[in-house]
Protein chains: 2
Amino acid sequence: MDEQNIPDIVVSRLPRYLQVLQRMYHENQQTTSSQELARKLGLSAAQIRKDLSQFGEFGKQGTGYSIRFLIDQLQSILKVNHGWEMALVGAGDLGHAIARYQGFSNRGFCIRVIFDNDPEKIGKDINGITVDDISHLEERIKDLGIKIAMLTVPSPAAQAVAERLVQAGIQAILNYAPVPLSLPPQVYIQNIDPIIHLQHMTFYLE
Amino acid sequence: MDEQNIPDIVVSRLPRYLQVLQRMYHENQQTTSSQELARKLGLSAAQIRKDLSQFGEFGKQGTGYSIRFLIDQLQSILKVNHGWEMALVGAGDLGHAIARYQGFSNRGFCIRVIFDNDPEKIGKDINGITVDDISHLEERIKDLGIKIAMLTVPSPAAQAVAERLVQAGIQAILNYAPVPLSLPPQVYIQNIDPIIHLQHMTFYLE
């Protein structure tokens with residue numbers, strides 16, 4: 001597989017395939033079809049066959065896909081066949097909720113360090129992790145070799161903190177602040193902004 | 001404009017255009033170009049011109065787009081030129097953080113009711129709203145005519161609660177539970193799952 005040749009729009013769908021397949025697997029299902037995946041994902045079967053064909057021959061004509069095999073392949077492609085450690089910056093309400101959310105470690109993403117600049121929050125324990133002073137951000141992230149950060153600081157602080165994260169070696173940022181980050185092109189950014197999703201839906205409402 | 005003819009992928013980009021334009025406007029910028037928007041959004045200028053042309057002629061060749069005019073048009077298209085009331089179901093850590101987040105009301109989305117089934121949470125005040133017993137869900141949503149709900153209940157409860165929301169007249173659900181909802185096709189669903197975004201980025205990491 002040559003990563004460079006996979007369109008990002010295809011990459012963006014792979015985690016959703018993996019999620020649906022893992023659910024089937026936990027319900028003891030052994031095989032699936034592009035038709036079934038299409039129904040569950042709201043995509044066309046042709047689209048799914050085309051997406052998966054980018055990575056090799058996963059299914060056999062007529063017998064469908066082995067769910068276990070497809071999960072293994074997708075985990076390997078997405079590099080989630082091993083765990084990832086993450087830094088969380090911002091221990092406010094949202095940061096707190098994220099730090100306590102079990103869904104990360106369940107799915108291979110482990111929050112290793114939490115930073116804040118608020119003396120009231122520094123030193124507090126959240127889900128077994130002591131909130132560290134943001135002045136230690138560069139040192140600790142470098143020492144631990146962490147590559148992924150989640151950013152839950154207030155919007156006005158987001159850009160400056162993101163730049164510090166990149167300096168510290170962070171390569172991927174999940175940004176919860178509702179501002180776009182301007183960072184070097186080699187840094188991957190995903191934004192989570194509920195308003196964007198809400199406005200997408202209101203388009204269709206009466 | 002005929003809504004039916006706008007591809008959903010185009011609709012999905014409009015809130016991002018609006019977000020960037022609103023930021024420019026607050027920075028006292030008057031006009032912009034498809035090139036500038038493209039740079040800020042990581043899209044091609046041709047894509048942006050094509051998307052905006054779906055809704056009529058917004059820009060003049062050579063003089064660029066009026067930011068204020070474009071904001072007004074996009075707000076009208078996305079139906080966010082007026083406020084929306086929302087129901088929040090699930091007053092756990094994440095629901096709490098969402099209820100206290102100022103970014104919703106700032107951008108025209110107002111949480112009007114919060115429901116939970118936990119006697120410890122019912123009756124508590126979050127950001128000026130009293131958490132109501134989930135047994136009142138149908139009655140209150142119908143009475144208030146609320147059309148949008150945010151779902152922050154534990155995964156095993158999500159599908160059943162979503163079905164109750166639809167029965168109560170909810171037409172759009174922002175689902176934070178990491179499970180896909182199976183609902184009638186006339187109900188709009190957007191899912192917020194940070195793992196999907198993280199796995200999208202790990203694809204590109206070393």
# chains A, B, ... in the order shown; residues from 1 in each chain; ligands from 1

call {"tool": "interface_residues", "arguments": {"of": "chain A", "to": "chain B", "cutoff": "8 Å", "atoms": "only C-alpha atoms", "output": "JSON list (two decimals) with N, CA and C atoms, in the first residue's frame"}}
result
[["chain", "number", "residue", "atom", "x", "y", "z"],
["A", 3, "GLU", "N", 0.61, 4.94, 0.99],
["A", 3, "GLU", "CA", -0.24, 5.91, 1.68],
["A", 3, "GLU", "C", -0.47, 7.18, 0.87],
["A", 11, "VAL", "N", -9.55, 7.87, 3.37],
["A", 11, "VAL", "CA", -8.99, 7.66, 4.72],
["A", 11, "VAL", "C", -10.02, 8.03, 5.79],
["A", 12, "SER", "N", -10.74, 9.12, 5.53],
["A", 12, "SER", "CA", -11.70, 9.61, 6.54],
["A", 12, "SER", "C", -12.83, 8.62, 6.79],
["A", 14, "LEU", "N", -12.43, 5.22, 6.68],
["A", 14, "LEU", "CA", -11.94, 3.94, 7.21],
["A", 14, "LEU", "C", -12.25, 3.76, 8.70],
["A", 15, "PRO", "N", -12.09, 4.80, 9.53],
["A", 15, "PRO", "CA", -12.43, 4.60, 10.95],
["A", 15, "PRO", "C", -13.91, 4.23, 11.16],
["A", 16, "ARG", "N", -14.77, 4.72, 10.27],
["A", 16, "ARG", "CA", -16.19, 4.39, 10.41],
["A", 16, "ARG", "C", -16.43, 2.93, 10.00],
["A", 77, "ILE", "N", -3.77, -0.61, 8.81],
["A", 77, "ILE", "CA", -3.72, 0.54, 7.90],
["A", 77, "ILE", "C", -3.79, 1.86, 8.68],
["A", 78, "LEU", "N", -4.70, 1.89, 9.66],
["A", 78, "LEU", "CA", -4.90, 3.12, 10.44],
["A", 78, "LEU", "C", -3.87, 3.25, 11.57],
["A", 79, "LYS", "N", -3.00, 2.25, 11.69],
["A", 79, "LYS", "CA", -1.95, 2.22, 12.72],
["A", 79, "LYS", "C", -2.54, 2.24, 14.14],
["A", 80, "VAL", "N", -3.67, 1.59, 14.30],
["A", 80, "VAL", "CA", -4.24, 1.46, 15.64],
["A", 80, "VAL", "C", -4.21, -0.01, 16.08],
["A", 93, "ASP", "N", -14.11, 22.34, 31.96],
["A", 93, "ASP", "CA", -15.25, 21.41, 31.93],
["A", 93, "ASP", "C", -15.08, 20.32, 30.88],
["A", 94, "LEU", "N", -14.77, 20.77, 29.65],
["A", 94, "LEU", "CA", -14.68, 19.80, 28.55],
["A", 94, "LEU", "C", -13.47, 18.89, 28.73],
["A", 96, "HIS", "N", -12.05, 18.05, 31.43],
["A", 96, "HIS", "CA", -12.40, 17.15, 32.52],
["A", 96, "HIS", "C", -13.24, 15.97, 32.02],
["A", 97, "ALA", "N", -14.26, 16.30, 31.24],
["A", 97, "ALA", "CA", -15.14, 15.25, 30.71],
["A", 97, "ALA", "C", -14.36, 14.30, 29.81],
["A", 98, "ILE", "N", -13.47, 14.86, 28.99],
["A", 98, "ILE", "CA", -12.67, 14.03, 28.09],
["A", 98, "ILE", "C", -11.72, 13.14, 28.88],
["A", 100, "ARG", "N", -12.09, 11.95, 31.73],
["A", 100, "ARG", "CA", -12.82, 10.90, 32.46],
["A", 100, "ARG", "C", -13.55, 9.93, 31.53],
["A", 104, "PHE", "N", -11.74, 6.43, 25.22],
["A", 104, "PHE", "CA", -10.42, 6.56, 24.59],
["A", 104, "PHE", "C", -9.56, 5.32, 24.86],
["A", 107, "ARG", "N", -10.38, 2.12, 23.25],
["A", 107, "ARG", "CA", -10.11, 1.99, 21.81],
["A", 107, "ARG", "C", -8.66, 2.36, 21.48],
["A", 171, "GLN", "N", 2.49, 15.76, 16.45],
["A", 171, "GLN", "CA", 2.28, 15.67, 14.99],
["A", 171, "GLN", "C", 0.80, 15.68, 14.62],
["A", 172, "ALA", "N", -0.07, 15.46, 15.60],
["A", 172, "ALA", "CA", -1.51, 15.40, 15.32],
["A", 172, "ALA", "C", -2.26, 16.06, 16.47],
["A", 174, "LEU", "N", -6.12, 17.09, 17.93],
["A", 174, "LEU", "CA", -7.58, 17.07, 17.91],
["A", 174, "LEU", "C", -8.02, 18.35, 18.62],
["A", 188, "TYR", "N", -1.01, 17.25, 11.45],
["A", 188, "TYR", "CA", -2.39, 16.88, 11.13],
["A", 188, "TYR", "C", -3.32, 17.48, 12.17],
["A", 189, "ILE", "N", -4.41, 18.06, 11.70],
["A", 189, "ILE", "CA", -5.36, 18.71, 12.59],
["A", 189, "ILE", "C", -6.74, 18.17, 12.26],
["A", 190, "GLN", "N", -7.50, 17.82, 13.29],
["A", 190, "GLN", "CA", -8.91, 17.54, 13.13],
["A", 190, "GLN", "C", -9.64, 18.44, 14.12],
["A", 192, "ILE", "N", -13.14, 19.47, 16.17],
["A", 192, "ILE", "CA", -14.45, 19.02, 16.64],
["A", 192, "ILE", "C", -15.20, 20.25, 17.09],
["A", 194, "PRO", "N", -19.17, 21.32, 17.54],
["A", 194, "PRO", "CA", -20.57, 20.88, 17.43],
["A", 194, "PRO", "C", -21.45, 21.83, 16.61],
["A", 195, "ILE", "N", -21.10, 23.13, 16.63],
["A", 195, "ILE", "CA", -21.92, 24.10, 15.88],
["A", 195, "ILE", "C", -21.91, 23.78, 14.38],
["A", 196, "ILE", "N", -20.76, 23.38, 13.88],
["A", 196, "ILE", "CA", -20.65, 23.02, 12.46],
["A", 196, "ILE", "C", -21.65, 21.90, 12.13],
["A", 197, "HIS", "N", -21.74, 20.92, 13.02],
["A", 197, "HIS", "CA", -22.67, 19.80, 12.79],
["A", 197, "HIS", "C", -24.12, 20.25, 12.93],
["A", 198, "LEU", "N", -24.38, 21.12, 13.89],
["A", 198, "LEU", "CA", -25.75, 21.61, 14.08],
["A", 198, "LEU", "C", -26.20, 22.42, 12.86],
["A", 199, "GLN", "N", -25.32, 23.28, 12.37],
["A", 199, "GLN", "CA", -25.68, 24.13, 11.22],
["A", 199, "GLN", "C", -25.86, 23.29, 9.95],
["A", 200, "HIS", "N", -25.13, 22.19, 9.87],
["A", 200, "HIS", "CA", -25.31, 21.27, 8.74],
["A", 200, "HIS", "C", -26.74, 20.72, 8.77],
["A", 201, "MET", "N", -27.24, 20.41, 9.97],
["A", 201, "MET", "CA", -28.59, 19.83, 10.07],
["A", 201, "MET", "C", -29.69, 20.86, 9.92],
["A", 202, "THR", "N", -29.49, 22.08, 10.45],
["A", 202, "THR", "CA", -30.57, 23.07, 10.35],
["A", 202, "THR", "C", -30.87, 23.41, 8.88],
["A", 203, "PHE", "N", -29.88, 23.25, 8.00],
["A", 203, "PHE", "CA", -30.13, 23.44, 6.57],
["A", 203, "PHE", "C", -31.36, 22.67, 6.12],
["A", 204, "TYR", "N", -31.52, 21.48, 6.67],
["A", 204, "TYR", "CA", -32.59, 20.57, 6.22],
["A", 204, "TYR", "C", -33.89, 20.75, 7.00],
["A", 205, "LEU", "N", -33.86, 21.49, 8.10],
["A", 205, "LEU", "CA", -35.07, 21.60, 8.93],
["A", 205, "LEU", "C", -36.03, 22.63, 8.35]]

call {"tool": "residues_around", "arguments": {"residues": "Glu85 in chain B", "least_positions_apart": "5", "cutoff": "7 Å", "atoms": "only C-alpha atoms", "output": "list in words"}}
result
Phe109, Cys110, Ile111, Arg112 and Ile146 of chain B

call {"tool": "closest_residue", "arguments": {"among": "A:Gly169, A:Gly128, A:Pro7, A:Gly123", "to": "Lys50 in chain A", "atoms": "only C-alpha atoms"}}
result
A:Pro7

call {"tool": "atom_distance", "arguments": {"atom1": "CA of Ala45 in chain A", "atom2": "CA of Gln22 in chain A"}}
result
18.6 Å

call {"tool": "select_by_dssp", "arguments": {"residues": "chain A", "states": "strand (DSSP E)", "output": "tab-separated table (two decimals) with C-alpha atoms, in the first residue's frame"}}
result
chain	number	residue	atom	x	y	z
A	31	THR	CA	-18.72	-12.27	7.70
A	32	THR	CA	-20.32	-9.26	6.06
A	65	TYR	CA	-15.69	-10.22	3.76
A	66	SER	CA	-14.25	-11.93	6.83
A	84	TRP	CA	-1.23	5.64	21.32
A	85	GLU	CA	-0.43	7.98	24.19
A	86	MET	CA	-1.91	11.45	24.15
A	87	ALA	CA	-1.49	14.81	25.84
A	88	LEU	CA	-4.58	16.77	26.89
A	89	VAL	CA	-4.20	20.53	27.21
A	109	PHE	CA	-5.92	5.98	22.95
A	110	CYS	CA	-4.53	6.68	26.38
A	111	ILE	CA	-4.29	10.13	27.93
A	112	ARG	CA	-0.84	10.20	29.52
A	113	VAL	CA	-0.48	13.84	30.56
A	114	ILE	CA	-2.87	16.73	31.26
A	115	PHE	CA	-1.78	20.38	31.31
A	116	ASP	CA	-3.43	23.55	32.50
A	125	ASP	CA	-6.11	14.40	40.01
A	126	ILE	CA	-8.40	13.57	37.09
A	129	ILE	CA	-3.62	11.67	36.18
A	130	THR	CA	-2.23	14.70	37.99
A	131	VAL	CA	-2.83	17.95	36.12
A	132	ASP	CA	0.60	19.37	35.29
A	133	ASP	CA	1.65	23.00	34.93
A	148	ILE	CA	-0.94	13.27	19.61
A	149	ALA	CA	-2.59	16.06	21.60
A	150	MET	CA	-6.14	17.06	22.37
A	151	LEU	CA	-6.71	20.77	22.75
A	172	ALA	CA	-1.51	15.40	15.32
A	173	ILE	CA	-3.93	17.69	17.14
A	174	LEU	CA	-7.58	17.07	17.91
A	175	ASN	CA	-8.79	20.64	18.33
A	188	TYR	CA	-2.39	16.88	11.13
A	189	ILE	CA	-5.36	18.71	12.59
A	190	GLN	CA	-8.91	17.54	13.13
A	191	ASN	CA	-11.48	19.96	14.51

call {"tool": "select_by_dssp", "arguments": {"residues": "range 21-72 of chain B", "states": "alpha helix (DSSP H)", "output": "list in words"}}
result
Leu21, Gln22, Arg23, Met24, Tyr25, His26, Ser34, Gln35, Glu36, Leu37, Ala38, Arg39, Lys40, Leu41, Ala45, Ala46, Gln47, Ile48, Arg49, Lys50, Asp51, Leu52, Ser53, Ile67, Arg68, Phe69, Leu70, Ile71 and Asp72 of chain B

call {"tool": "write_last_selection", "arguments": {"atoms": "C-alpha atoms", "output": "mmCIF file, in the first residue's frame"}}
result
data_model
loop_
_atom_site.group_PDB
_atom_site.id
_atom_site.type_symbol
_atom_site.label_atom_id
_atom_site.label_comp_id
_atom_site.auth_asym_id
_atom_site.auth_seq_id
_atom_site.Cartn_x
_atom_site.Cartn_y
_atom_site.Cartn_z
ATOM 1 C CA LEU B 21 -16.254 34.597 7.244
ATOM 2 C CA GLN B 22 -17.606 35.513 10.681
ATOM 3 C CA ARG B 23 -14.072 35.575 12.039
ATOM 4 C CA MET B 24 -12.929 37.871 9.205
ATOM 5 C CA TYR B 25 -15.938 40.114 9.853
ATOM 6 C CA HIS B 26 -15.118 40.401 13.557
ATOM 7 C CA SER B 34 -12.128 32.512 -3.160
ATOM 8 C CA GLN B 35 -8.317 32.304 -2.993
ATOM 9 C CA GLU B 36 -8.218 33.639 0.564
ATOM 10 C CA LEU B 37 -11.079 31.395 1.673
ATOM 11 C CA ALA B 38 -9.336 28.448 0.042
ATOM 12 C CA ARG B 39 -6.134 29.134 1.951
ATOM 13 C CA LYS B 40 -7.940 29.427 5.271
ATOM 14 C CA LEU B 41 -10.032 26.323 4.719
ATOM 15 C CA ALA B 45 -10.462 28.213 -4.816
ATOM 16 C CA ALA B 46 -12.305 26.479 -7.666
ATOM 17 C CA GLN B 47 -14.117 24.264 -5.164
ATOM 18 C CA ILE B 48 -15.232 27.275 -3.155
ATOM 19 C CA ARG B 49 -16.450 29.177 -6.222
ATOM 20 C CA LYS B 50 -18.346 26.074 -7.344
ATOM 21 C CA ASP B 51 -19.915 25.517 -3.912
ATOM 22 C CA LEU B 52 -21.056 29.109 -3.546
ATOM 23 C CA SER B 53 -22.362 29.267 -7.119
ATOM 24 C CA ILE B 67 -18.113 39.318 3.643
ATOM 25 C CA ARG B 68 -21.234 40.787 5.273
ATOM 26 C CA PHE B 69 -23.402 39.835 2.290
ATOM 27 C CA LEU B 70 -21.971 36.321 2.166
ATOM 28 C CA ILE B 71 -22.548 35.847 5.921
ATOM 29 C CA ASP B 72 -26.174 36.972 5.566
#

call {"tool": "closest_residue", "arguments": {"among": "B:Asn5, B:Asn81, B:Gln30, B:Ala160", "to": "Gly64 in chain B", "atoms": "only C-alpha atoms"}}
result
B:Gln30

call {"tool": "atom_distance", "arguments": {"atom1": "CA of Asn106 in chain A", "atom2": "CA of Ser155 in chain B"}}
result
13.2 Å

call {"tool": "atom_distance", "arguments": {"atom1": "CA of Gly90 in chain A", "atom2": "CA of Val166 in chain A"}}
result
16.1 Å
